[in-house]
Structure formats: structure tokens, C-alpha cells
file my_file.cif (mmCIF, C-alpha atoms)
data_upload
loop_
_atom_site.group_PDB
_atom_site.id
_atom_site.type_symbol
_atom_site.label_atom_id
_atom_site.label_comp_id
_atom_site.auth_asym_id
_atom_site.auth_seq_id
_atom_site.Cartn_x
_atom_site.Cartn_y
_atom_site.Cartn_z
ATOM 1 C CA TYR A 999 21.009 8.425 -44.905
ATOM 2 C CA PHE A 1000 21.218 9.730 -48.448
ATOM 3 C CA GLY A 1001 21.643 8.532 -51.998
ATOM 4 C CA THR A 1002 22.516 9.853 -55.434
ATOM 5 C CA ILE A 1003 20.056 10.954 -58.106
ATOM 6 C CA SER A 1004 20.609 12.820 -61.337
ATOM 7 C CA ILE A 1005 18.770 15.665 -63.029
ATOM 8 C CA GLY A 1006 18.988 16.951 -66.590
ATOM 9 C CA THR A 1007 20.524 16.044 -69.950
ATOM 10 C CA PRO A 1008 23.376 15.297 -69.696
ATOM 11 C CA ALA A 1009 22.919 14.120 -66.108
ATOM 12 C CA GLN A 1010 23.954 16.365 -63.207
ATOM 13 C CA GLU A 1011 24.381 14.354 -59.986
ATOM 14 C CA PHE A 1012 23.128 15.232 -56.514
ATOM 15 C CA THR A 1013 22.967 13.490 -53.172
ATOM 16 C CA VAL A 1014 19.568 13.769 -51.505
ATOM 17 C CA VAL A 1015 17.830 12.705 -48.316
ATOM 18 C CA PHE A 1016 14.922 10.402 -49.160
ATOM 19 C CA ASP A 1017 12.504 12.101 -46.792
ATOM 20 C CA THR A 1018 9.112 10.564 -45.952
ATOM 21 C CA GLY A 1019 8.347 13.683 -43.882
ATOM 22 C CA SER A 1020 8.089 16.102 -46.830
ATOM 23 C CA SER A 1021 6.903 16.034 -50.433
ATOM 24 C CA ASN A 1022 9.105 18.291 -52.577
ATOM 25 C CA LEU A 1023 12.225 17.550 -54.579
ATOM 26 C CA TRP A 1024 14.755 20.365 -54.603
ATOM 27 C CA VAL A 1025 18.486 20.800 -55.119
ATOM 28 C CA PRO A 1026 20.847 23.769 -54.898
ATOM 29 C CA SER A 1027 21.152 25.778 -58.102
ATOM 30 C CA VAL A 1028 23.597 28.180 -59.710
ATOM 31 C CA TYR A 1029 21.107 30.947 -58.796
ATOM 32 C CA CYS A 1030 21.948 30.421 -55.113
ATOM 33 C CA SER A 1031 24.604 32.507 -53.388
ATOM 34 C CA SER A 1032 23.923 31.282 -49.834
ATOM 35 C CA LEU A 1033 26.905 29.846 -47.977
ATOM 36 C CA ALA A 1034 25.089 26.489 -47.897
ATOM 37 C CA CYS A 1035 25.162 26.347 -51.711
ATOM 38 C CA SER A 1036 28.870 27.158 -51.954
ATOM 39 C CA ASN A 1037 29.967 23.734 -50.701
ATOM 40 C CA HIS A 1038 27.355 21.620 -52.496
ATOM 41 C CA ASN A 1039 26.589 20.554 -56.044
ATOM 42 C CA ARG A 1040 24.503 23.157 -57.864
ATOM 43 C CA PHE A 1041 22.152 22.478 -60.761
ATOM 44 C CA ASN A 1042 22.854 24.553 -63.857
ATOM 45 C CA PRO A 1043 19.746 24.693 -66.073
ATOM 46 C CA ALA A 1044 21.740 26.245 -68.924
ATOM 47 C CA GLU A 1045 23.680 22.996 -69.226
ATOM 48 C CA SER A 1046 20.582 20.787 -69.590
ATOM 49 C CA SER A 1047 18.923 20.458 -72.985
ATOM 50 C CA THR A 1048 15.718 19.088 -71.405
ATOM 51 C CA PHE A 1049 15.191 21.791 -68.764
ATOM 52 C CA VAL A 1050 11.926 23.757 -68.848
ATOM 53 C CA SER A 1051 11.662 26.883 -66.699
ATOM 54 C CA THR A 1052 8.608 28.299 -64.927
ATOM 55 C CA ASN A 1053 7.802 31.577 -63.188
ATOM 56 C CA ASP A 1054 6.596 29.764 -60.084
ATOM 57 C CA SER A 1055 8.410 30.140 -56.786
ATOM 58 C CA LEU A 1056 8.945 27.693 -53.957
ATOM 59 C CA SER A 1057 9.435 28.224 -50.253
ATOM 60 C CA ILE A 1058 9.826 25.472 -47.662
ATOM 61 C CA ALA A 1059 10.480 25.541 -43.921
ATOM 62 C CA TYR A 1060 11.634 22.305 -42.309
ATOM 63 C CA GLY A 1061 11.982 21.449 -38.616
ATOM 64 C CA THR A 1062 15.598 22.397 -39.230
ATOM 65 C CA GLY A 1063 16.624 24.630 -42.125
ATOM 66 C CA SER A 1064 14.625 26.286 -44.876
ATOM 67 C CA MET A 1065 14.925 27.167 -48.558
ATOM 68 C CA THR A 1066 13.402 29.392 -51.229
ATOM 69 C CA GLY A 1067 13.752 29.084 -54.966
ATOM 70 C CA VAL A 1068 12.046 28.593 -58.310
ATOM 71 C CA LEU A 1069 10.360 25.595 -59.895
ATOM 72 C CA GLY A 1070 11.490 23.942 -63.100
ATOM 73 C CA TYR A 1071 10.934 20.721 -65.023
ATOM 74 C CA ASP A 1072 13.555 18.233 -66.134
ATOM 75 C CA THR A 1073 14.373 14.553 -66.439
ATOM 76 C CA VAL A 1074 15.056 13.052 -63.033
ATOM 77 C CA ASP A 1075 16.763 9.670 -62.698
ATOM 78 C CA VAL A 1076 16.235 7.841 -59.396
ATOM 79 C CA ALA A 1077 17.756 4.362 -59.115
ATOM 80 C CA GLY A 1078 17.608 3.943 -62.892
ATOM 81 C CA ILE A 1079 13.958 5.007 -63.047
ATOM 82 C CA LYS A 1080 13.771 7.944 -65.458
ATOM 83 C CA ILE A 1081 10.994 10.456 -64.863
ATOM 84 C CA PHE A 1082 10.602 12.881 -67.758
ATOM 85 C CA HIS A 1083 9.284 16.378 -67.029
ATOM 86 C CA GLN A 1084 9.498 16.072 -63.239
ATOM 87 C CA ILE A 1085 8.858 19.332 -61.413
ATOM 88 C CA PHE A 1086 11.538 20.252 -58.858
ATOM 89 C CA GLY A 1087 12.885 23.204 -56.928
ATOM 90 C CA LEU A 1088 16.065 25.074 -57.793
ATOM 91 C CA SER A 1089 17.177 26.749 -54.592
ATOM 92 C CA GLU A 1090 18.022 30.446 -54.590
ATOM 93 C CA THR A 1091 18.448 30.850 -50.839
ATOM 94 C CA GLU A 1092 19.316 28.335 -48.106
ATOM 95 C CA PRO A 1093 19.636 30.548 -45.028
ATOM 96 C CA GLY A 1094 21.490 29.598 -41.854
ATOM 97 C CA ASP A 1095 24.053 26.865 -41.426
ATOM 98 C CA PHE A 1096 21.948 23.685 -41.308
ATOM 99 C CA PHE A 1097 22.285 22.831 -45.013
ATOM 100 C CA TYR A 1098 25.860 24.140 -45.031
ATOM 101 C CA TYR A 1099 26.843 21.327 -42.668
ATOM 102 C CA SER A 1100 24.572 18.772 -44.350
ATOM 103 C CA PRO A 1101 26.399 15.918 -46.094
ATOM 104 C CA CYS A 1102 23.871 15.983 -48.916
ATOM 105 C CA ASP A 1103 22.879 18.513 -51.552
ATOM 106 C CA GLY A 1104 19.082 18.429 -51.491
ATOM 107 C CA ILE A 1105 15.915 16.657 -50.442
ATOM 108 C CA LEU A 1106 13.631 14.212 -52.226
ATOM 109 C CA GLY A 1107 10.258 14.192 -50.464
ATOM 110 C CA LEU A 1108 8.281 10.942 -50.354
ATOM 111 C CA ALA A 1109 5.168 12.085 -48.473
ATOM 112 C CA PHE A 1110 1.769 12.935 -50.025
ATOM 113 C CA PRO A 1111 0.984 15.565 -52.675
ATOM 114 C CA SER A 1112 -1.396 17.282 -50.216
ATOM 115 C CA ILE A 1113 1.587 18.755 -48.337
ATOM 116 C CA ALA A 1114 3.769 19.588 -51.349
ATOM 117 C CA SER A 1115 4.718 23.272 -51.424
ATOM 118 C CA SER A 1116 3.453 25.132 -54.528
ATOM 119 C CA GLY A 1117 1.391 22.064 -55.479
ATOM 120 C CA ALA A 1118 4.413 20.395 -57.084
ATOM 121 C CA THR A 1119 3.754 16.750 -57.994
ATOM 122 C CA PRO A 1120 6.069 14.547 -55.887
ATOM 123 C CA VAL A 1121 8.564 12.194 -57.520
ATOM 124 C CA PHE A 1122 6.860 8.978 -56.389
ATOM 125 C CA ASP A 1123 3.448 10.221 -57.573
ATOM 126 C CA ASN A 1124 4.920 10.636 -61.034
ATOM 127 C CA MET A 1125 6.466 7.167 -60.855
ATOM 128 C CA MET A 1126 2.976 5.816 -60.159
ATOM 129 C CA LEU A 1127 1.163 8.017 -62.701
ATOM 130 C CA LYS A 1128 3.574 7.076 -65.471
ATOM 131 C CA GLY A 1129 3.521 3.374 -64.592
ATOM 132 C CA LEU A 1130 7.234 3.289 -63.786
ATOM 133 C CA VAL A 1131 6.839 1.087 -60.696
ATOM 134 C CA ASP A 1132 5.516 -2.460 -60.521
ATOM 135 C CA ARG A 1133 3.546 -1.744 -57.338
ATOM 136 C CA ASP A 1134 2.400 1.560 -55.856
ATOM 137 C CA LEU A 1135 4.636 1.293 -52.809
ATOM 138 C CA PHE A 1136 8.217 1.798 -51.756
ATOM 139 C CA SER A 1137 10.184 0.341 -48.858
ATOM 140 C CA VAL A 1138 13.069 1.457 -46.685
ATOM 141 C CA TYR A 1139 15.842 -0.333 -44.836
ATOM 142 C CA LEU A 1140 18.191 1.731 -42.645
ATOM 143 C CA SER A 1141 21.297 -0.063 -41.398
ATOM 144 C CA LYS A 1142 22.593 0.079 -37.837
ATOM 145 C CA ASP A 1143 25.993 1.347 -36.648
ATOM 146 C CA GLY A 1144 26.851 3.131 -39.880
ATOM 147 C CA GLN A 1145 27.110 -0.141 -41.791
ATOM 148 C CA SER A 1146 26.506 -0.213 -45.530
ATOM 149 C CA GLY A 1147 23.408 -1.706 -47.141
ATOM 150 C CA SER A 1148 20.708 0.886 -46.417
ATOM 151 C CA PHE A 1149 18.258 1.273 -49.280
ATOM 152 C CA VAL A 1150 15.056 2.715 -50.641
ATOM 153 C CA LEU A 1151 13.343 0.241 -52.953
ATOM 154 C CA PHE A 1152 10.776 1.698 -55.369
ATOM 155 C CA GLY A 1153 7.865 -0.520 -56.414
ATOM 156 C CA ALA A 1154 8.668 -3.640 -54.409
ATOM 157 C CA ILE A 1155 9.027 -5.375 -51.037
ATOM 158 C CA ASP A 1156 12.273 -7.318 -50.537
ATOM 159 C CA PRO A 1157 11.279 -10.690 -48.989
ATOM 160 C CA LEU A 1158 14.739 -11.047 -47.397
ATOM 161 C CA TYR A 1159 13.704 -8.323 -44.945
ATOM 162 C CA THR A 1160 10.202 -9.592 -44.091
ATOM 163 C CA THR A 1161 11.022 -13.007 -42.613
ATOM 164 C CA ASN A 1162 9.390 -11.918 -39.323
ATOM 165 C CA GLY A 1163 6.134 -11.096 -41.109
ATOM 166 C CA ILE A 1164 4.599 -7.706 -41.897
ATOM 167 C CA SER A 1165 2.225 -5.811 -39.609
ATOM 168 C CA TRP A 1166 0.020 -3.460 -41.618
ATOM 169 C CA ILE A 1167 -1.131 -0.185 -40.053
ATOM 170 C CA PRO A 1168 -3.755 2.042 -41.722
ATOM 171 C CA LEU A 1169 -2.923 5.710 -42.173
ATOM 172 C CA SER A 1170 -4.891 8.248 -40.126
ATOM 173 C CA ALA A 1171 -4.134 11.062 -42.604
ATOM 174 C CA GLU A 1172 -2.797 11.233 -46.154
ATOM 175 C CA THR A 1173 -0.377 14.072 -45.591
ATOM 176 C CA TYR A 1174 2.671 12.762 -43.843
ATOM 177 C CA TRP A 1175 2.869 8.994 -43.401
ATOM 178 C CA GLN A 1176 0.691 9.412 -40.324
ATOM 179 C CA ILE A 1177 -0.684 6.706 -38.048
ATOM 180 C CA THR A 1178 -2.528 6.467 -34.732
ATOM 181 C CA MET A 1179 -0.652 5.104 -31.714
ATOM 182 C CA ASP A 1180 -2.636 3.595 -28.827
ATOM 183 C CA SER A 1181 -0.035 4.096 -26.100
ATOM 184 C CA VAL A 1182 3.666 4.159 -25.286
ATOM 185 C CA ASN A 1183 4.833 1.810 -22.528
ATOM 186 C CA ILE A 1184 7.991 0.944 -20.654
ATOM 187 C CA GLY A 1185 7.598 -2.505 -19.165
ATOM 188 C CA ARG A 1186 4.023 -2.729 -17.849
ATOM 189 C CA GLU A 1187 3.867 1.020 -17.291
ATOM 190 C CA ARG A 1188 2.072 3.344 -19.667
ATOM 191 C CA VAL A 1189 4.390 6.356 -19.835
ATOM 192 C CA ALA A 1190 2.883 8.527 -22.568
ATOM 193 C CA CYS A 1191 0.212 8.805 -25.248
ATOM 194 C CA ASP A 1192 -2.297 7.633 -22.607
ATOM 195 C CA PHE A 1193 -5.410 8.232 -24.696
ATOM 196 C CA GLY A 1194 -3.877 7.637 -28.109
ATOM 197 C CA CYS A 1195 -1.849 10.037 -30.221
ATOM 198 C CA GLN A 1196 -0.714 10.694 -33.771
ATOM 199 C CA ALA A 1197 2.695 9.691 -35.118
ATOM 200 C CA ILE A 1198 4.499 10.088 -38.410
ATOM 201 C CA VAL A 1199 7.072 7.668 -39.799
ATOM 202 C CA ASP A 1200 9.794 10.048 -40.927
ATOM 203 C CA THR A 1201 13.059 8.956 -42.536
ATOM 204 C CA GLY A 1202 14.137 12.618 -42.523
ATOM 205 C CA THR A 1203 14.240 12.866 -38.717
ATOM 206 C CA SER A 1204 17.188 11.288 -36.901
ATOM 207 C CA LEU A 1205 15.702 10.751 -33.450
ATOM 208 C CA LEU A 1206 12.391 10.031 -31.760
ATOM 209 C CA ALA A 1207 10.563 13.332 -31.358
ATOM 210 C CA MET A 1208 7.668 13.665 -28.952
ATOM 211 C CA PRO A 1209 5.809 16.160 -26.762
ATOM 212 C CA ASN A 1210 7.957 17.592 -23.964
ATOM 213 C CA SER A 1211 5.666 16.072 -21.335
ATOM 214 C CA ALA A 1212 6.329 12.610 -22.793
ATOM 215 C CA VAL A 1213 10.099 13.176 -22.697
ATOM 216 C CA ASN A 1214 9.867 13.975 -18.991
ATOM 217 C CA ASN A 1215 7.781 10.867 -18.301
ATOM 218 C CA ILE A 1216 10.198 8.630 -20.185
ATOM 219 C CA LEU A 1217 13.241 10.126 -18.442
ATOM 220 C CA ARG A 1218 11.520 9.516 -15.114
ATOM 221 C CA ALA A 1219 10.534 5.927 -15.986
ATOM 222 C CA LEU A 1220 14.098 5.154 -17.094
ATOM 223 C CA GLY A 1221 15.652 6.938 -14.116
ATOM 224 C CA VAL A 1222 17.642 9.225 -16.404
ATOM 225 C CA SER A 1223 18.498 12.847 -15.539
ATOM 226 C CA SER A 1224 17.128 15.727 -17.601
ATOM 227 C CA SER A 1225 20.422 15.966 -19.517
ATOM 228 C CA GLY A 1226 19.482 12.658 -21.134
ATOM 229 C CA GLU A 1227 22.942 11.283 -20.435
ATOM 230 C CA VAL A 1228 23.225 7.630 -19.479
ATOM 231 C CA ASN A 1229 26.055 5.371 -18.360
ATOM 232 C CA CYS A 1230 27.142 3.433 -21.454
ATOM 233 C CA ASN A 1231 27.717 0.343 -19.317
ATOM 234 C CA GLU A 1232 24.083 0.302 -18.214
ATOM 235 C CA VAL A 1233 22.508 0.320 -21.694
ATOM 236 C CA SER A 1234 22.401 -3.481 -21.842
ATOM 237 C CA THR A 1235 20.165 -3.583 -18.759
ATOM 238 C CA MET A 1236 17.774 -0.796 -19.763
ATOM 239 C CA PRO A 1237 14.206 -1.693 -20.853
ATOM 240 C CA SER A 1238 12.659 -1.305 -24.294
ATOM 241 C CA ILE A 1239 10.266 1.510 -25.136
ATOM 242 C CA ASN A 1240 7.136 -0.163 -26.528
ATOM 243 C CA PHE A 1241 4.993 1.604 -29.085
ATOM 244 C CA HIS A 1242 1.506 0.085 -29.075
ATOM 245 C CA ILE A 1243 0.087 0.580 -32.569
ATOM 246 C CA ASN A 1244 -3.022 -0.960 -34.147
ATOM 247 C CA GLY A 1245 -3.245 -3.601 -31.402
ATOM 248 C CA LYS A 1246 0.397 -4.702 -31.585
ATOM 249 C CA ASP A 1247 3.575 -3.872 -29.687
ATOM 250 C CA PHE A 1248 6.527 -2.397 -31.557
ATOM 251 C CA PRO A 1249 9.505 -2.372 -29.188
ATOM 252 C CA VAL A 1250 12.535 -0.113 -29.566
ATOM 253 C CA PRO A 1251 15.339 -1.533 -27.405
ATOM 254 C CA ALA A 1252 17.823 0.592 -25.463
ATOM 255 C CA SER A 1253 20.509 -0.374 -27.972
ATOM 256 C CA ALA A 1254 18.457 1.640 -30.477
ATOM 257 C CA TYR A 1255 17.209 4.606 -28.437
ATOM 258 C CA VAL A 1256 20.557 5.282 -26.757
ATOM 259 C CA ILE A 1257 23.039 7.013 -29.047
ATOM 260 C CA GLU A 1258 26.735 6.502 -28.360
ATOM 261 C CA SER A 1259 29.185 9.162 -29.494
ATOM 262 C CA ASP A 1260 32.843 9.456 -28.440
ATOM 263 C CA GLY A 1261 32.255 7.199 -25.442
ATOM 264 C CA TYR A 1262 29.297 9.231 -24.203
ATOM 265 C CA CYS A 1263 25.758 7.889 -24.253
ATOM 266 C CA THR A 1264 22.598 9.982 -24.545
ATOM 267 C CA LEU A 1265 18.940 9.215 -25.204
ATOM 268 C CA GLY A 1266 17.997 9.590 -28.856
ATOM 269 C CA ILE A 1267 14.768 11.351 -28.007
ATOM 270 C CA GLU A 1268 13.873 15.016 -28.315
ATOM 271 C CA GLY A 1269 10.984 17.145 -27.160
ATOM 272 C CA MET A 1270 8.988 19.168 -29.623
ATOM 273 C CA ASP A 1271 5.368 20.142 -29.241
ATOM 274 C CA ILE A 1272 3.656 19.879 -32.628
ATOM 275 C CA PRO A 1273 -0.119 20.166 -32.417
ATOM 276 C CA THR A 1274 -2.303 18.374 -34.996
ATOM 277 C CA GLU A 1275 -6.054 18.152 -35.543
ATOM 278 C CA ALA A 1276 -6.041 14.960 -33.491
ATOM 279 C CA GLY A 1277 -3.777 15.987 -30.629
ATOM 280 C CA GLU A 1278 -0.055 15.711 -29.986
ATOM 281 C CA LEU A 1279 2.252 14.520 -32.748
ATOM 282 C CA TRP A 1280 5.115 12.073 -32.363
ATOM 283 C CA ILE A 1281 7.852 11.571 -34.941
ATOM 284 C CA LEU A 1282 9.164 8.048 -35.380
ATOM 285 C CA GLY A 1283 12.529 8.893 -36.929
ATOM 286 C CA ASP A 1284 15.605 6.849 -37.788
ATOM 287 C CA VAL A 1285 15.978 5.556 -34.203
ATOM 288 C CA PHE A 1286 12.682 3.697 -34.727
ATOM 289 C CA ILE A 1287 13.082 2.891 -38.429
ATOM 290 C CA ARG A 1288 16.436 1.135 -37.920
ATOM 291 C CA GLU A 1289 14.566 -1.575 -35.973
ATOM 292 C CA TYR A 1290 12.011 -2.241 -38.733
ATOM 293 C CA TYR A 1291 11.856 -2.713 -42.474
ATOM 294 C CA VAL A 1292 9.213 -0.144 -43.396
ATOM 295 C CA ILE A 1293 6.847 -0.413 -46.358
ATOM 296 C CA PHE A 1294 5.109 2.761 -47.486
ATOM 297 C CA ASP A 1295 2.043 1.546 -49.382
ATOM 298 C CA ARG A 1296 0.265 4.170 -51.493
ATOM 299 C CA ALA A 1297 -2.079 1.637 -53.115
ATOM 300 C CA ASN A 1298 -3.716 0.840 -49.766
ATOM 301 C CA ASN A 1299 -2.648 3.854 -47.681
ATOM 302 C CA MET A 1300 -0.909 1.738 -45.094
ATOM 303 C CA VAL A 1301 2.464 1.484 -43.420
ATOM 304 C CA GLY A 1302 3.921 -2.017 -43.101
ATOM 305 C CA LEU A 1303 6.435 -2.824 -40.362
ATOM 306 C CA SER A 1304 8.607 -5.916 -40.277
ATOM 307 C CA ARG A 1305 10.930 -6.432 -37.313
ATOM 308 C CA LEU A 1306 14.558 -6.804 -38.331
#
call {"tool": "encode", "arguments": {"input": "my_file.cif", "output": "C-alpha cells"}}
result
Amino acid sequence: YFGTISIGTPAQEFTVVFDTGSSNLWVPSVYCSSLACSNHNRFNPAESSTFVSTNDSLSIAYGTGSMTGVLGYDTVDVAGIKIFHQIFGLSETEPGDFFYYSPCDGILGLAFPSIASSGATPVFDNMMLKGLVDRDLFSVYLSKDGQSGSFVLFGAIDPLYTTNGISWIPLSAETYWQITMDSVNIGRERVACDFGCQAIVDTGTSLLAMPNSAVNNILRALGVSSSGEVNCNEVSTMPSINFHINGKDFPVPASAYVIESDGYCTLGIEGMDIPTEAGELWILGDVFIREYYVIFDRANNMVGLSRL
């Protein structure tokens, strides 16, 4: 899921992932000779009359892919909201092939300033600081089955998407959009996160990521082999995975956690062991977010979920 922003005067356009799992804005630049930059739009500071350079460098490693570059300031336009003097990264290297194959040019991080590389003020923080949004929150709708209509809405909650009510969940850390989960159940059976665990709501991750032990438990509970492959005809009879958060159940049905591609069906879950201060970390990626309209509330440090 990505959208178009522009940087500079006159505007240079870029497609970016709106990523709630990171906090920096960066795009490829003309300083970059990596293969990944060759097939993407590159920012040329010499062609922007409002660009201000710095001597500060930037280096970011993601779960997949990494980049290094320099920091600069320029006018950034996101959805018609103009942020003057926004700090952003101009990539100089994008090693490997992850970004080469990426459909978008760069990344616009929407997590907290505490995890921004090089202390760069995130885009949404500047929107708030400069009074460019009506409310200090943004909300995300991700469509199913590749349909159109996905959006990030800055400064508002669209009531069309909250007809089922909003459940508010307090953050457990102001880094990622991190919350505490009580348990993960399939039917009546507790299958993982037995004594509580930490989760982040991450638009920049496609699947559900969880500790390897949890993957094994879920495979076992669903009667699925370790390959994660399932019979496409059986998806309609498979149970939901229920995430118990802040005293409420948030189900993800099989239609959401099973990914169909070229007639083959596989579970949209992946194992990755990420330790945090408070134990194992889960990532509630797009598989989860497609089932809920998600409100990211900076004014109250809460995540709001409304079932779609």
C-alpha cells in the first residue's frame, strides 16, 4: 500500500509506503548509484529552490532492506498538507535487491520521534507542531483483495468506517505503535501469548509476524503442515485467530490470514523472534489491519480499532 507525495520547489513526486513501524522519511536521490535507485524516482536537490543541505548522515536497517544517505530540509507535500522545512533522508546507498523490487520509491515513517534515526523530526510530528492537522491523530483503511479505496487520513476519523464503534487501546510504549496483548486464541484454546505479550500495529509489514514458537502452536491448532500450505477449498471452514487485547476479542478470520496466490493458499503468518523489554514482540501487519479501521491517536497515545 503506497501513495504519492512531493518534495521540493517545483514539486518532485515520489511514491512512499506510509509506515507506522518506522519514523523517518527518505527517498532515493541523485547521489545514489545502487541498483535499487536506478529504477526509481530520485530527488535532485539542485532542482529545488527551497532545499537546504546538512552535513548529517542517516542510516536505517529495516526488517527487510536498508539504506544510508544524508539529511536535508525541503517543502514536503502530503495529501495537500504542505510542511515547510521538513527534514528527510536522501539515499546514497540502498544495498541488496529488496528496494529494487519495491513498487515504491521511499518510506514515510509514522511512528514516534523516539525511534527516528539521527533524531530527525517525523512528518506527522511537524504536522502537529505547525498546527496543520485538525486533530493530533491519523487513521488508516487498507482495502481487501487489491480493491481501490485504501487511504491514510491525517487529522481526522472518517465516521463511515466506524459504524461498528471504536475500541480504544492504550499504548504500552511510545516508540512503535505498541500495545499489550492478553492472549491469542483459536476457538476456546489459548494458542500463544499465554501470559501476555507486546504487539505493534505496523502498516509496513504485510503479514502477521510472531515468535517461532507461536507459529508452531498455531499450525498445530489449525492442523496445517509446517510448509504453511492449506487447501484453498477448506479456508471457508477454518476458525478465526482471536487476538485478546485490553479485555476485548479482535478476530482475524481465515479469509484474512490465508493468502491466495495463483491458486495456492498459504498462511499469512511468519516467525521472527524479536525480543523487547517486556518479552516477545508480535507484529500486527496488513493481514490484521485489513480487518479493522485503525486510528493512531497521538493526542491520547492510543490505538483505536473499528471492525470493518
call {"tool": "resolve_selection", "arguments": {"input": "my_file.cif", "expression": "the PyMOL selection byres ((chain A and resi 1185) around 8)", "output": "PyMOL selection string"}}
result
chain A and resi 1183-1184+1186-1187+1237-1240
call {"tool": "resolve_selection", "arguments": {"input": "my_file.cif", "expression": "the PyMOL selection byres ((chain A and resi 1068) around 12)", "output": "number ranges by chain"}}
result
A: 1023-1030, 1043, 1050-1058, 1065-1067, 1069-1071, 1085-1091, 1115-1116, 1118
call {"tool": "atom_distance", "arguments": {"input": "my_file.cif", "atom1": "CA of Gly1153 (chain A)", "atom2": "CA of Thr1203 (chain A)"}}
result
23.1 Å
call {"tool": "residues_around", "arguments": {"input": "my_file.cif", "residues": "Thr1073 (chain A)", "least_positions_apart": "5", "cutoff": "6 Å", "atoms": "all atoms listed in the file", "output": "VMD selection string"}}
result
chain A and resid 1005 to 1006 1081 to 1083
call {"tool": "atom_distance", "arguments": {"input": "my_file.cif", "atom1": "CA of Ser1004 (chain A)", "atom2": "CA of Asp1017 (chain A)"}}
result
16.7 Å
